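Asker: File my_file14.txt below, compact mmCIF, C-alpha atoms and all ligand atoms:
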```txt
# COMPACT_ATOMS: atom_id res chain seq x y z
CA MET X 1 12.59 2.35 23.72
CA ILE X 2 11.06 -0.68 22.01
CA ASP X 3 13.34 -3.55 21.09
CA PHE X 4 12.45 -4.26 17.48
CA LYS X 5 14.51 -7.45 17.53
CA ASN X 6 11.63 -9.07 19.38
CA TYR X 7 8.86 -7.16 17.65
CA ASN X 8 5.91 -9.39 16.84
CA LEU X 9 2.80 -7.26 16.78
CA PRO X 10 -0.12 -7.41 16.35
CA ASP X 11 -1.13 -9.32 19.46
CA ASP X 12 -3.79 -12.03 19.32
CA SER X 13 -6.59 -9.50 19.32
CA GLY X 14 -5.10 -7.66 16.36
CA HIS X 15 -3.70 -4.71 18.30
CA PHE X 16 -0.54 -2.74 17.66
CA GLY X 17 -0.37 -1.06 21.05
CA GLU X 18 -3.75 0.65 21.29
CA TYR X 19 -4.25 0.70 17.51
CA GLY X 20 -5.95 -1.75 15.19
CA GLY X 21 -8.51 -4.15 16.61
CA SER X 22 -11.81 -4.96 15.00
CA TYR X 23 -14.64 -2.42 15.12
CA VAL X 24 -17.23 -4.09 12.91
CA PRO X 25 -20.94 -4.92 12.78
CA GLU X 26 -21.89 -8.19 14.51
CA THR X 27 -22.66 -9.88 11.18
CA LEU X 28 -19.03 -9.68 10.11
CA VAL X 29 -17.50 -11.19 13.25
CA PRO X 30 -17.85 -14.84 12.16
CA ALA X 31 -16.42 -14.00 8.71
CA LEU X 32 -13.40 -12.28 10.23
CA ASN X 33 -12.82 -15.19 12.60
CA GLU X 34 -13.06 -17.61 9.71
CA LEU X 35 -10.58 -15.52 7.71
CA GLU X 36 -8.16 -15.26 10.60
CA SER X 37 -8.19 -18.97 11.14
CA ALA X 38 -7.74 -19.69 7.39
CA PHE X 39 -4.84 -17.25 7.24
CA THR X 40 -3.17 -18.60 10.38
CA THR X 41 -3.39 -22.16 9.09
CA ALA X 42 -2.16 -21.23 5.62
CA TRP X 43 0.74 -19.16 6.93
CA LYS X 44 2.04 -22.19 8.85
CA ASP X 45 1.62 -24.46 5.84
CA ASP X 46 4.64 -25.07 3.60
CA GLY X 47 2.28 -25.97 0.76
CA PHE X 48 0.74 -22.50 0.88
CA HIS X 49 4.15 -20.84 0.85
CA SER X 50 5.45 -22.85 -2.07
CA GLU X 51 2.31 -22.02 -4.08
CA PHE X 52 2.54 -18.33 -3.14
CA ASP X 53 6.28 -18.12 -3.85
CA ASP X 54 5.84 -19.86 -7.19
CA LEU X 55 3.17 -17.36 -8.25
CA LEU X 56 5.27 -14.41 -7.12
CA LYS X 57 8.17 -15.71 -9.15
CA ASN X 58 6.63 -17.10 -12.31
CA TYR X 59 3.37 -15.17 -12.61
CA SER X 60 4.36 -11.81 -11.21
CA GLY X 61 8.06 -11.73 -12.11
CA ARG X 62 9.71 -11.53 -8.69
CA PRO X 63 12.20 -10.73 -7.42
CA THR X 64 11.81 -7.18 -8.69
CA PRO X 65 15.16 -5.46 -9.24
CA LEU X 66 16.85 -3.16 -6.74
CA TYR X 67 18.16 -0.64 -9.21
CA PHE X 68 21.06 1.70 -8.47
CA ALA X 69 19.94 5.06 -9.85
CA ASP X 70 23.41 6.42 -10.56
CA LYS X 71 22.34 9.48 -12.49
CA LEU X 72 19.71 10.51 -9.94
CA SER X 73 22.25 9.93 -7.17
CA SER X 74 24.84 12.21 -8.74
CA ASP X 75 22.22 14.81 -9.71
CA LEU X 76 20.96 15.01 -6.12
CA GLY X 77 24.54 15.05 -4.86
CA GLY X 78 23.98 13.04 -1.70
CA ALA X 79 23.56 9.37 -0.83
CA LYS X 80 23.51 6.46 -3.28
CA ILE X 81 19.92 6.00 -4.39
CA TYR X 82 18.49 2.55 -4.97
CA LEU X 83 14.99 2.06 -6.37
CA LYS X 84 13.00 -1.03 -5.43
CA ARG X 85 11.26 -1.62 -8.72
CA GLU X 86 7.71 -2.70 -7.81
CA ASP X 87 6.66 -0.93 -11.01
CA LEU X 88 8.18 -3.84 -12.93
CA GLY X 89 5.95 -6.48 -11.35
CA HIS X 90 2.87 -7.87 -13.12
CA THR X 91 0.08 -5.26 -13.37
CA GLY X 92 2.56 -2.49 -12.61
CA SER X 93 2.47 -2.11 -8.85
CA HIS X 94 3.03 -3.93 -5.57
CA LYS X 95 -0.72 -4.64 -5.27
CA ILE X 96 -0.35 -7.98 -7.04
CA ASN X 97 1.67 -9.44 -4.12
CA ASN X 98 -1.30 -9.08 -1.82
CA THR X 99 -4.02 -10.15 -4.25
CA LEU X 100 -2.17 -13.36 -5.12
CA GLY X 101 -1.94 -14.20 -1.42
CA GLN X 102 -5.59 -13.38 -0.73
CA ALA X 103 -6.77 -15.26 -3.84
CA LEU X 104 -5.06 -18.41 -2.58
CA LEU X 105 -6.88 -17.94 0.74
CA ALA X 106 -10.25 -17.35 -0.96
CA ILE X 107 -9.81 -20.59 -2.89
CA ARG X 108 -8.90 -22.48 0.29
CA MET X 109 -12.02 -21.06 1.93
CA GLY X 110 -14.20 -22.07 -1.02
CA LYS X 111 -15.31 -18.50 -1.80
CA LYS X 112 -15.90 -17.81 -5.47
CA ARG X 113 -17.07 -14.20 -5.31
CA ILE X 114 -14.50 -11.49 -4.63
CA ILE X 115 -15.45 -8.01 -3.43
CA ALA X 116 -12.89 -5.23 -3.60
CA GLU X 117 -12.50 -1.48 -3.53
CA THR X 118 -10.01 0.51 -5.51
CA GLY X 119 -8.70 4.06 -5.59
CA ALA X 120 -5.99 4.39 -8.22
CA GLY X 121 -7.41 1.29 -9.84
CA GLN X 122 -4.16 -0.59 -9.22
CA HIS X 123 -5.71 -2.80 -6.54
CA GLY X 124 -8.84 -3.29 -8.65
CA LEU X 125 -6.65 -4.25 -11.57
CA ALA X 126 -4.68 -6.71 -9.44
CA VAL X 127 -7.96 -8.18 -8.12
CA ALA X 128 -9.44 -8.49 -11.63
CA THR X 129 -6.20 -10.13 -12.73
CA VAL X 130 -6.13 -12.85 -10.05
CA ALA X 131 -9.89 -13.37 -10.44
CA ALA X 132 -9.36 -14.07 -14.14
CA LYS X 133 -6.46 -16.36 -13.41
CA PHE X 134 -8.27 -18.40 -10.75
CA GLY X 135 -11.78 -18.35 -12.24
CA LEU X 136 -13.32 -16.17 -9.51
CA ASN X 137 -15.98 -13.48 -9.94
CA ALA X 138 -14.76 -10.00 -9.05
CA VAL X 139 -16.93 -7.02 -8.14
CA VAL X 140 -14.86 -3.84 -7.78
CA TYR X 141 -16.20 -0.67 -6.16
CA MET X 142 -14.56 2.55 -7.29
CA GLY X 143 -15.37 6.19 -6.54
CA ARG X 144 -16.85 7.94 -9.58
CA LYS X 145 -14.10 10.56 -9.45
CA ASP X 146 -11.46 7.83 -9.62
CA THR X 147 -13.19 6.00 -12.50
CA ILE X 148 -12.74 9.19 -14.50
CA ARG X 149 -9.14 10.02 -13.56
CA GLN X 150 -8.03 6.40 -13.86
CA SER X 151 -10.17 5.34 -16.81
CA LEU X 152 -7.46 3.18 -18.35
CA ASN X 153 -7.54 0.88 -15.32
CA VAL X 154 -11.34 0.71 -15.51
CA ARG X 155 -11.09 -0.51 -19.10
CA LYS X 156 -8.46 -3.07 -18.13
CA MET X 157 -10.57 -4.41 -15.24
CA LYS X 158 -13.55 -4.83 -17.54
CA LEU X 159 -11.43 -6.57 -20.16
CA LEU X 160 -10.29 -9.00 -17.46
CA GLY X 161 -13.92 -9.80 -16.70
CA ALA X 162 -14.50 -7.84 -13.50
CA GLU X 163 -17.64 -5.88 -12.76
CA VAL X 164 -16.73 -2.26 -11.91
CA ILE X 165 -19.32 -0.36 -9.87
CA PRO X 166 -18.86 3.43 -9.74
CA VAL X 167 -19.67 4.94 -6.32
CA ASP X 168 -21.43 8.30 -6.21
CA SER X 169 -21.61 8.88 -2.46
CA GLY X 170 -19.41 11.22 -0.41
CA SER X 171 -16.28 12.50 -2.11
CA LYS X 172 -16.60 9.76 -4.77
CA THR X 173 -13.14 8.40 -3.94
CA LEU X 174 -11.54 5.50 -2.08
CA LYS X 175 -13.21 5.99 1.32
CA ASP X 176 -16.65 5.85 -0.30
CA ALA X 177 -15.69 2.81 -2.37
CA ILE X 178 -14.65 1.01 0.84
CA ASN X 179 -17.98 1.90 2.47
CA GLU X 180 -19.83 0.30 -0.45
CA ALA X 181 -17.57 -2.75 -0.48
CA ILE X 182 -18.19 -3.30 3.25
CA ARG X 183 -21.94 -2.90 2.69
CA ASP X 184 -21.81 -5.56 -0.02
CA TRP X 185 -19.77 -7.86 2.24
CA VAL X 186 -22.25 -7.54 5.12
CA THR X 187 -25.04 -8.57 2.70
CA ASN X 188 -23.18 -11.38 0.94
CA VAL X 189 -20.84 -12.57 3.64
CA GLU X 190 -21.66 -16.27 3.13
CA ASP X 191 -20.24 -16.68 -0.35
CA SER X 192 -18.06 -13.58 -0.73
CA PHE X 193 -14.44 -12.85 0.12
CA TYR X 194 -13.52 -9.21 0.80
CA MET X 195 -10.10 -8.54 -0.69
CA ILE X 196 -8.82 -5.38 1.01
CA GLY X 197 -6.05 -3.62 -0.91
CA SER X 198 -3.94 -2.25 1.92
CA VAL X 199 -2.93 -2.75 5.55
CA VAL X 200 -6.19 -1.19 6.74
CA GLY X 201 -9.52 -2.55 7.97
CA PRO X 202 -10.25 -4.85 10.92
CA HIS X 203 -7.96 -7.64 12.14
CA PRO X 204 -6.64 -9.80 10.47
CA TYR X 205 -6.29 -7.60 7.35
CA PRO X 206 -3.45 -5.32 8.55
CA LEU X 207 -1.42 -8.38 9.61
CA MET X 208 -2.28 -10.47 6.57
CA VAL X 209 -1.64 -7.80 3.95
CA ARG X 210 1.62 -6.81 5.64
CA ASN X 211 2.83 -10.40 5.57
CA PHE X 212 1.97 -10.68 1.87
CA GLN X 213 3.85 -7.42 1.16
CA ARG X 214 6.91 -8.14 3.32
CA ILE X 215 8.49 -9.75 0.27
CA ILE X 216 9.37 -6.21 -0.87
CA GLY X 217 11.59 -5.59 2.14
CA LEU X 218 12.95 -9.12 2.39
CA GLU X 219 14.18 -8.95 -1.20
CA ALA X 220 15.47 -5.40 -0.85
CA LYS X 221 17.48 -6.28 2.26
CA LYS X 222 19.19 -9.19 0.52
CA GLN X 223 19.74 -7.26 -2.73
CA PHE X 224 21.20 -4.26 -0.91
CA ASP X 225 23.53 -6.50 1.04
CA GLU X 226 24.69 -8.14 -2.20
CA ALA X 227 25.31 -4.73 -3.79
CA GLU X 228 26.85 -2.85 -0.87
CA GLY X 229 27.65 -5.44 1.77
CA SER X 230 25.74 -3.45 4.38
CA THR X 231 22.32 -2.18 5.34
CA PRO X 232 20.92 1.06 3.93
CA ALA X 233 21.07 4.27 5.93
CA ALA X 234 17.48 5.11 5.06
CA LEU X 235 14.33 3.85 3.39
CA VAL X 236 11.61 5.98 1.84
CA ALA X 237 8.10 4.94 0.77
CA CYS X 238 4.78 6.63 0.11
CA VAL X 239 1.89 5.92 2.46
CA GLY X 240 -1.71 5.65 1.32
CA GLY X 241 -3.19 2.83 3.37
CA GLY X 242 0.41 1.89 4.04
CA SER X 243 1.05 -1.46 2.37
CA ASN X 244 4.07 -0.82 0.14
CA SER X 245 5.73 1.12 2.96
CA ILE X 246 5.16 -1.46 5.68
CA GLY X 247 6.14 -4.20 3.23
CA LEU X 248 9.47 -2.47 2.68
CA PHE X 249 10.00 -1.27 6.26
CA HIS X 250 9.03 -4.33 8.28
CA PRO X 251 12.18 -6.43 7.70
CA PHE X 252 14.27 -3.33 8.52
CA LEU X 253 12.57 -2.36 11.80
CA SER X 254 15.35 -3.95 13.83
CA THR X 255 18.15 -2.27 11.83
CA ASP X 256 19.57 1.25 12.20
CA ALA X 257 17.99 2.44 8.95
CA LYS X 258 16.00 5.66 9.18
CA LEU X 259 12.48 5.12 7.88
CA TYR X 260 10.47 7.81 6.11
CA GLY X 261 6.75 7.40 5.34
CA VAL X 262 5.49 10.02 2.90
CA GLU X 263 1.85 11.05 2.71
CA GLY X 264 -0.13 13.05 0.19
CA GLY X 265 0.12 16.70 1.22
CA GLY X 266 -2.39 17.81 -1.40
CA GLU X 267 -2.55 21.49 -2.22
CA LYS X 268 -2.05 22.67 1.33
CA LEU X 269 -2.00 21.27 4.85
CA GLU X 270 -5.45 22.45 5.78
CA LEU X 271 -8.12 19.87 6.67
CA GLY X 272 -9.97 18.86 3.51
CA ASN X 273 -7.05 19.69 1.23
CA HIS X 274 -4.63 16.83 1.92
CA SER X 275 -4.39 13.13 2.81
CA ALA X 276 -1.76 13.30 5.54
CA SER X 277 -3.58 11.29 8.22
CA LEU X 278 -0.48 10.19 10.16
CA SER X 279 1.44 13.44 10.12
CA GLU X 280 -1.59 15.75 10.52
CA GLY X 281 -4.46 13.63 11.87
CA SER X 282 -5.53 12.19 15.21
CA PRO X 283 -6.61 8.73 16.44
CA GLY X 284 -10.10 7.53 15.57
CA VAL X 285 -11.99 4.58 14.12
CA LEU X 286 -12.33 4.22 10.37
CA HIS X 287 -13.29 1.13 8.39
CA GLY X 288 -13.04 -1.25 11.31
CA SER X 289 -9.85 -0.26 13.06
CA LEU X 290 -8.36 2.41 15.30
CA SER X 291 -5.62 4.50 13.73
CA TYR X 292 -4.67 8.06 12.88
CA ILE X 293 -7.37 9.50 10.64
CA LEU X 294 -8.48 12.85 9.30
CA GLN X 295 -11.47 14.10 11.27
CA ASP X 296 -13.05 17.37 12.25
CA SER X 297 -13.58 18.51 15.84
CA ASN X 298 -16.84 16.52 16.00
CA GLY X 299 -15.12 13.30 14.97
CA GLN X 300 -16.61 13.37 11.48
CA ILE X 301 -14.29 11.86 8.86
CA SER X 302 -12.90 14.66 6.78
CA PRO X 303 -12.57 14.25 3.02
CA ALA X 304 -9.04 13.54 1.85
CA GLU X 305 -7.46 15.21 -1.14
CA SER X 306 -4.40 14.26 -3.16
CA ILE X 307 -3.29 14.37 -6.74
CA ALA X 308 -2.49 10.68 -6.26
CA PRO X 309 -5.68 8.60 -6.14
CA GLY X 310 -3.83 5.79 -4.32
CA LEU X 311 -3.00 8.18 -1.46
CA ASP X 312 -6.39 9.90 -1.43
CA TYR X 313 -7.66 8.27 1.78
CA PRO X 314 -8.38 9.84 5.21
CA GLY X 315 -6.77 6.99 7.17
CA SER X 316 -3.84 4.61 7.19
CA GLY X 317 -2.93 1.27 8.68
CA PRO X 318 -2.88 0.80 12.47
CA GLU X 319 0.69 -0.50 12.50
CA HIS X 320 1.84 2.83 11.11
CA SER X 321 0.03 4.61 13.93
CA TYR X 322 1.98 2.49 16.37
CA LEU X 323 5.30 3.07 14.59
CA LYS X 324 4.60 6.79 14.57
CA ASP X 325 3.93 6.96 18.30
CA CYS X 326 7.04 4.99 19.18
CA GLY X 327 9.09 7.15 16.83
CA ARG X 328 10.47 4.33 14.71
CA VAL X 329 9.14 5.78 11.43
CA GLN X 330 9.11 9.46 10.57
CA TYR X 331 5.90 10.45 8.80
CA SER X 332 5.59 13.64 6.80
CA SER X 333 3.94 14.80 3.61
CA VAL X 334 4.87 16.41 0.33
CA SER X 335 2.56 18.59 -1.72
CA ASP X 336 0.94 17.79 -5.06
CA THR X 337 3.36 20.21 -6.72
CA GLU X 338 6.43 18.61 -5.14
CA ALA X 339 5.18 15.18 -6.26
CA LEU X 340 4.69 16.45 -9.82
CA ASN X 341 8.20 17.86 -9.90
CA ALA X 342 9.56 14.54 -8.70
CA PHE X 343 7.48 12.72 -11.35
CA LYS X 344 9.23 14.78 -14.02
CA LEU X 345 12.66 14.56 -12.42
CA LEU X 346 12.73 10.76 -12.27
CA SER X 347 11.34 10.49 -15.81
CA ARG X 348 14.08 12.74 -17.16
CA THR X 349 17.05 11.59 -15.12
CA GLU X 350 16.50 7.85 -15.18
CA GLY X 351 13.99 7.21 -17.97
CA ILE X 352 11.57 5.76 -15.43
CA ILE X 353 8.05 7.19 -15.26
CA PRO X 354 6.88 6.60 -11.69
CA ALA X 355 3.30 6.37 -10.47
CA ILE X 356 2.19 9.71 -9.06
CA GLU X 357 1.88 7.92 -5.69
CA SER X 358 5.50 6.75 -5.81
CA SER X 359 6.52 10.26 -6.91
CA HIS X 360 5.72 11.36 -3.36
CA ALA X 361 8.52 9.14 -2.08
CA ILE X 362 10.87 10.57 -4.71
CA ALA X 363 9.91 14.09 -3.63
CA LYS X 364 10.87 13.28 -0.04
CA LEU X 365 14.10 11.75 -1.27
CA ILE X 366 14.95 15.01 -3.02
CA GLN X 367 14.62 16.79 0.34
CA ILE X 368 16.75 14.37 2.35
CA ALA X 369 19.38 13.00 -0.08
CA THR X 370 22.02 15.52 0.96
CA ASP X 371 21.44 14.88 4.68
CA TYR X 372 23.36 11.66 4.05
CA LYS X 373 26.97 10.87 3.19
CA LYS X 374 27.90 9.88 -0.35
CA SER X 375 28.78 6.41 0.92
CA ASP X 376 25.31 5.94 2.47
CA GLY X 377 22.59 4.07 0.63
CA ILE X 378 18.93 5.05 0.49
CA ILE X 379 16.27 2.67 -0.82
CA VAL X 380 13.14 4.23 -2.26
CA CYS X 381 10.11 2.07 -2.97
CA LEU X 382 8.97 2.69 -6.52
CA SER X 383 5.54 1.28 -5.75
CA GLY X 384 4.17 1.51 -9.28
CA ARG X 385 4.56 2.78 -12.79
CA GLY X 386 3.11 5.97 -14.15
CA ASP X 387 1.29 4.77 -17.26
CA LYS X 388 -2.04 5.05 -15.46
CA ASP X 389 -1.49 8.73 -14.68
CA PHE X 390 -1.60 10.10 -18.18
CA SER X 391 -5.27 11.02 -18.29
CA GLU X 392 -5.06 13.65 -15.56
CA GLU X 393 -3.39 16.79 -14.34
CA VAL X 394 -0.10 14.97 -13.97
CA SER X 395 0.90 14.97 -17.61
CA ASN X 396 -0.94 18.11 -18.69
CA GLY X 397 1.03 20.70 -20.53
CA GLU X 398 3.82 18.30 -21.45
C1 LIG F 401 -2.26 1.74 -4.04
C2 LIG F 401 -0.97 2.36 -4.32
C3 LIG F 401 -0.25 3.06 -3.33
C4 LIG F 401 -0.79 3.32 -1.95
O1 LIG F 401 -1.14 2.20 -1.23
P1 LIG F 401 -0.28 1.65 -0.02
O2 LIG F 401 -1.16 0.63 0.58
O3 LIG F 401 0.02 2.78 0.88
O4 LIG F 401 0.95 1.06 -0.60
C5 LIG F 401 0.99 3.56 -3.65
N1 LIG F 401 1.51 3.40 -4.87
C6 LIG F 401 0.85 2.75 -5.86
C7 LIG F 401 1.49 2.62 -7.20
C8 LIG F 401 -0.40 2.21 -5.62
O5 LIG F 401 -1.05 1.56 -6.59
```
Please lay out the structure from this file as structure tokens.
Ligand SMILES: *Cc1c(COP(=O)(O)O)cnc(C)c1O
Answerer:
Amino acid sequence: MIDFKNYNLPDDSGHFGEYGGSYVPETLVPALNELESAFTTAWKDDGFHSEFDDLLKNYSGRPTPLYFADKLSSDLGGAKIYLKREDLGHTGSHKINNTLGQALLAIRMGKKRIIAETGAGQHGLAVATVAAKFGLNAVVYMGRKDTIRQSLNVRKMKLLGAEVIPVDSGSKTLKDAINEAIRDWVTNVEDSFYMIGSVVGPHPYPLMVRNFQRIIGLEAKKQFDEAEGSTPAALVACVGGGSNSIGLFHPFLSTDAKLYGVEGGGEKLELGNHSASLSEGSPGVLHGSLSYILQDSNGQISPAESIAPGLDYPGSGPEHSYLKDCGRVQYSSVSDTEALNAFKLLSRTEGIIPAIESSHAIAKLIQIATDYKKSDGIIVCLSGRGDKDFSEEVSNGE
């Protein structure tokens, strides 16, 4: 059994156990080394932290509330449900925490051109936002399919001054957008900063993005203690690449809280119809690191599928792979239909329209709430708001 009191992965080579690392073309090695050294220096620098904290507070509106969902709690008839309201932060999701941190690094490194990929458009929006604020040029790659189902975010990114490039290769979703972003980075590595949107990719991204997102869990821990004078019995978060979940979970790894990571189960759990890489996949290399991915018997990456564009990715962060193997986090999936039902339930019981990604966490909560005592607390990460989801299947027929 691992003692999480002394947990400090990744190691110097960017490994979480066997997972993570840096599987990249030679041309990117100097850029990753440069980034790692800039991040390490910044993270030890009080000046960086005061700038970052100030932006989180005054630009993004942190701390986000930890809201006691009394009506949902009594409707579900189990534990006390608390929602960590990342939907209330600037741009409507947790993505802004990470882009503010990376923008400060880009500025320190003297890079004026930002490359990014986006699925739901929430990361692209957060990138376009910080680029506008800091006078940087943003180029955002987005799968064609996602530009259609998340067209509102495309219009917002353009308004903010970003260039949005639709990607027509592969399944025209997040994986293909990342491929294009990496291609761009290899070509323009001298003057460009690659702003990855989740805890995926080669070292140091999984470490760096986690540290920028840990604020979610640090705040939640303090807020829960203020409200209940204890630690929660369980935490629930959706897992796409895995950044909102690891951000929430990380400060709780050494507690007794049960941790549930919820993936996109799509229409059915058959390869090609879901995005459940941790609960259904197997280890392999994708986008520069080793982690659980969706692949066929020849090791070819399998297309992912989910009603939630932010979960529609055939991989997930290497730290999650490690936490899965050591049994600290329980990973499972819920189906598109279960997520849709949860989307409606939260809207109608609490007057909060969740992102369809976050609705996956709510759907898992519905399954487990009564496994807990009424005096227990469960924190669910409401990673984003649902406004973006009104152009698609989600709100049809309503
Ligand atoms: C991007 C996104 C996700 C999935 O990304 P993670 O890195 O797993 O957090 C979940 N919810 C929302 C609202 C998102 O925008």
Asker: Find the distance between CA of Asp389 (chain X) and CA of Asp146 (chain X) and write it in Å to one decimal.
Answerer: 11.2 Å
Asker: When you look at Arg348 (chain X) with a cut-off of 12 Å (counting all atoms listed in the file), what residues show up, excluding the ones that are within fewer than 6 positions of it in the same chain? I need them as a list in words.
Answerer: Lys71, Leu72, Asp75, Asn341, Ala342 and Pro354 of chain X
Asker: Could you give me, as a list in words, the residues within 6 Å of region 202-213 of chain X, counting all atoms listed in the file and dropping anything in the same chain fewer than 4 positions from it?
Answerer: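 Listed by chain and then number, they are Gly14, Gly21, Ser22, Glu36, Asn98, Gly247, Gly288 and Ser289 of chain X.
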Asker: Produce a table with one row for each residue of chain X that has an atom at most 9 Å from any atom of ligand LIG 401 (chain F), each row naming the nearest atom pair and its distance in Å at one decimal; use all atoms listed in the file; arrange rows by chain and rising residue number; format as a Markdown table.
Answerer:
```
| residue | atom | partner | partner_atom | distance |
| --- | --- | --- | --- | --- |
| X:Glu86 | CA | F:LIG401 | C7 | 8.2 |
| X:Asp87 | CA | F:LIG401 | C7 | 7.3 |
| X:Gly92 | CA | F:LIG401 | C7 | 7.5 |
| X:Ser93 | CA | F:LIG401 | C7 | 5.1 |
| X:His94 | CA | F:LIG401 | O5 | 6.9 |
| X:Lys95 | CA | F:LIG401 | O5 | 6.3 |
| X:Thr118 | CA | F:LIG401 | C1 | 8.0 |
| X:Gly119 | CA | F:LIG401 | C1 | 7.0 |
| X:Ala120 | CA | F:LIG401 | O5 | 5.9 |
| X:Gly121 | CA | F:LIG401 | O5 | 7.1 |
| X:Gln122 | CA | F:LIG401 | O5 | 4.6 |
| X:His123 | CA | F:LIG401 | C1 | 6.2 |
| X:Gly197 | CA | F:LIG401 | O2 | 6.6 |
| X:Ser198 | CA | F:LIG401 | O2 | 4.2 |
| X:Val199 | CA | F:LIG401 | O2 | 6.3 |
| X:Val200 | CA | F:LIG401 | O2 | 8.2 |
| X:Ala237 | CA | F:LIG401 | O4 | 8.2 |
| X:Cys238 | CA | F:LIG401 | C5 | 6.2 |
| X:Val239 | CA | F:LIG401 | O3 | 4.0 |
| X:Gly240 | CA | F:LIG401 | O3 | 3.4 |
| X:Gly241 | CA | F:LIG401 | O3 | 4.1 |
| X:Gly242 | CA | F:LIG401 | O3 | 3.3 |
| X:Ser243 | CA | F:LIG401 | O2 | 3.5 |
| X:Asn244 | CA | F:LIG401 | O4 | 3.7 |
| X:Ser245 | CA | F:LIG401 | O4 | 6.0 |
| X:Ile246 | CA | F:LIG401 | O4 | 8.0 |
| X:Gly247 | CA | F:LIG401 | O4 | 8.3 |
| X:Glu263 | CA | F:LIG401 | O3 | 8.7 |
| X:Ala308 | CA | F:LIG401 | C5 | 8.3 |
| X:Pro309 | CA | F:LIG401 | C1 | 7.9 |
| X:Gly310 | CA | F:LIG401 | C1 | 4.4 |
| X:Leu311 | CA | F:LIG401 | C4 | 5.4 |
| X:Asp312 | CA | F:LIG401 | C4 | 8.7 |
| X:Ser316 | CA | F:LIG401 | O3 | 7.6 |
| X:Gly317 | CA | F:LIG401 | O2 | 8.3 |
| X:Pro354 | CA | F:LIG401 | C7 | 8.1 |
| X:Ala355 | CA | F:LIG401 | C7 | 5.3 |
| X:Ile356 | CA | F:LIG401 | C7 | 7.4 |
| X:Glu357 | CA | F:LIG401 | N1 | 4.6 |
| X:Ser358 | CA | F:LIG401 | N1 | 5.3 |
| X:Ser359 | CA | F:LIG401 | N1 | 8.7 |
| X:Cys381 | CA | F:LIG401 | N1 | 8.9 |
| X:Leu382 | CA | F:LIG401 | C7 | 7.5 |
| X:Ser383 | CA | F:LIG401 | C7 | 4.5 |
| X:Gly384 | CA | F:LIG401 | C7 | 3.6 |
| X:Arg385 | CA | F:LIG401 | C7 | 6.4 |
| X:Gly386 | CA | F:LIG401 | C7 | 7.9 |
```
Asker: Find the residue from X:Ser230, X:Asn298, X:Ser254, X:Ser275 that sits nearest to His360 (chain X); use only C-alpha atoms when measuring.
Answerer: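 Between X:Ser230, X:Asn298, X:Ser254, X:Ser275, the residue approaching His360 (chain X) most closely is X:Ser275.
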Asker: Between CA of Thr187 (chain X) and CA of Val29 (chain X), what is the distance in Å, rounded to a tenth?
Answerer: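 Computed distance, CA of Thr187 (chain X) to CA of Val29 (chain X), equals 13.2 Å.
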Asker: Report the distance between CA of Leu235 (chain X) and CA of Leu66 (chain X) in Å, rounded to one decimal place.
Answerer: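 Between these atoms lies a distance of 12.6 Å.
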Asker: Tell me, as a list in words, which residues lie within 10 Å of Ser333 (chain X), counting all atoms listed in the file; anything in the same chain fewer than 3 positions away does not count.
Answerer: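 Skipping anything fewer than 3 positions along the chain leaves Cys238, Val239, Tyr260, Gly261, Val262, Glu263, Gly264, Gly265, Gly266, Leu269, His274, Ser275, Ala276, Ser277, Leu278, Ser279, Glu280, Asp336, Glu338, Ala339, His360, Ala361, Ala363 and Lys364 of chain X.
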Asker: Do a neighbour search on Thr99 (chain X) at 8 Å with only C-alpha atoms, toss out local chain neighbours closer than 3 positions, and write the hits as a list in words.
Answerer: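 Skipping anything fewer than 3 positions along the chain leaves Lys95, Ile96, Gln102, Ala103, His123, Ala126, Val127, Val130, Met195 and Gly197 of chain X.
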Asker: Restricting it to C-alpha atoms, dump the selection as an mmCIF file, in the frame of the given file.
Answerer:
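Below is the file that was written, selection.cif:
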```cif
data_model
loop_
_atom_site.group_PDB
_atom_site.id
_atom_site.type_symbol
_atom_site.label_atom_id
_atom_site.label_comp_id
_atom_site.auth_asym_id
_atom_site.auth_seq_id
_atom_site.Cartn_x
_atom_site.Cartn_y
_atom_site.Cartn_z
ATOM 1 C CA LYS X 95 -0.720 -4.640 -5.270
ATOM 2 C CA ILE X 96 -0.350 -7.980 -7.040
ATOM 3 C CA GLN X 102 -5.590 -13.380 -0.730
ATOM 4 C CA ALA X 103 -6.770 -15.260 -3.840
ATOM 5 C CA HIS X 123 -5.710 -2.800 -6.540
ATOM 6 C CA ALA X 126 -4.680 -6.710 -9.440
ATOM 7 C CA VAL X 127 -7.960 -8.180 -8.120
ATOM 8 C CA VAL X 130 -6.130 -12.850 -10.050
ATOM 9 C CA MET X 195 -10.100 -8.540 -0.690
ATOM 10 C CA GLY X 197 -6.050 -3.620 -0.910
#
```
Asker: Please report, as AutoDock Vina command-line options, the centre and edge lengths in Å to one decimal of an axis-aligned box covering all listed atoms of region 225-240 of chain X with 4 Å per side.
Answerer:
```
--center_x 13.0 --center_y -0.8 --center_z 1.1 --size_x 37.4 --size_y 22.8 --size_z 17.7
```
Asker: Which residues are near Lys5 (chain X)? Cut-off 10 Å, all atoms listed in the file, ignore same chain within fewer than 2 positions. Put them as a PyMOL selection string.
Answerer: chain X and resi 2-3+7-8+252-255
Asker: Which residue is closest to Lys172 (chain X)? Choose from X:Glu305, X:Asp256, X:Glu228, X:Asp53 and count only C-alpha atoms.
Answerer: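 With only C-alpha atoms as the atom set, the closest residue is X:Glu305.
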Asker: Just checking: using all atoms listed in the file, which residue out of X:Phe224, X:Phe249, X:Phe16, X:Phe134 ends up closest to Leu83 (chain X)?
Answerer: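 Among X:Phe224, X:Phe249, X:Phe16, X:Phe134, it is X:Phe224 that comes nearest to Leu83 (chain X).
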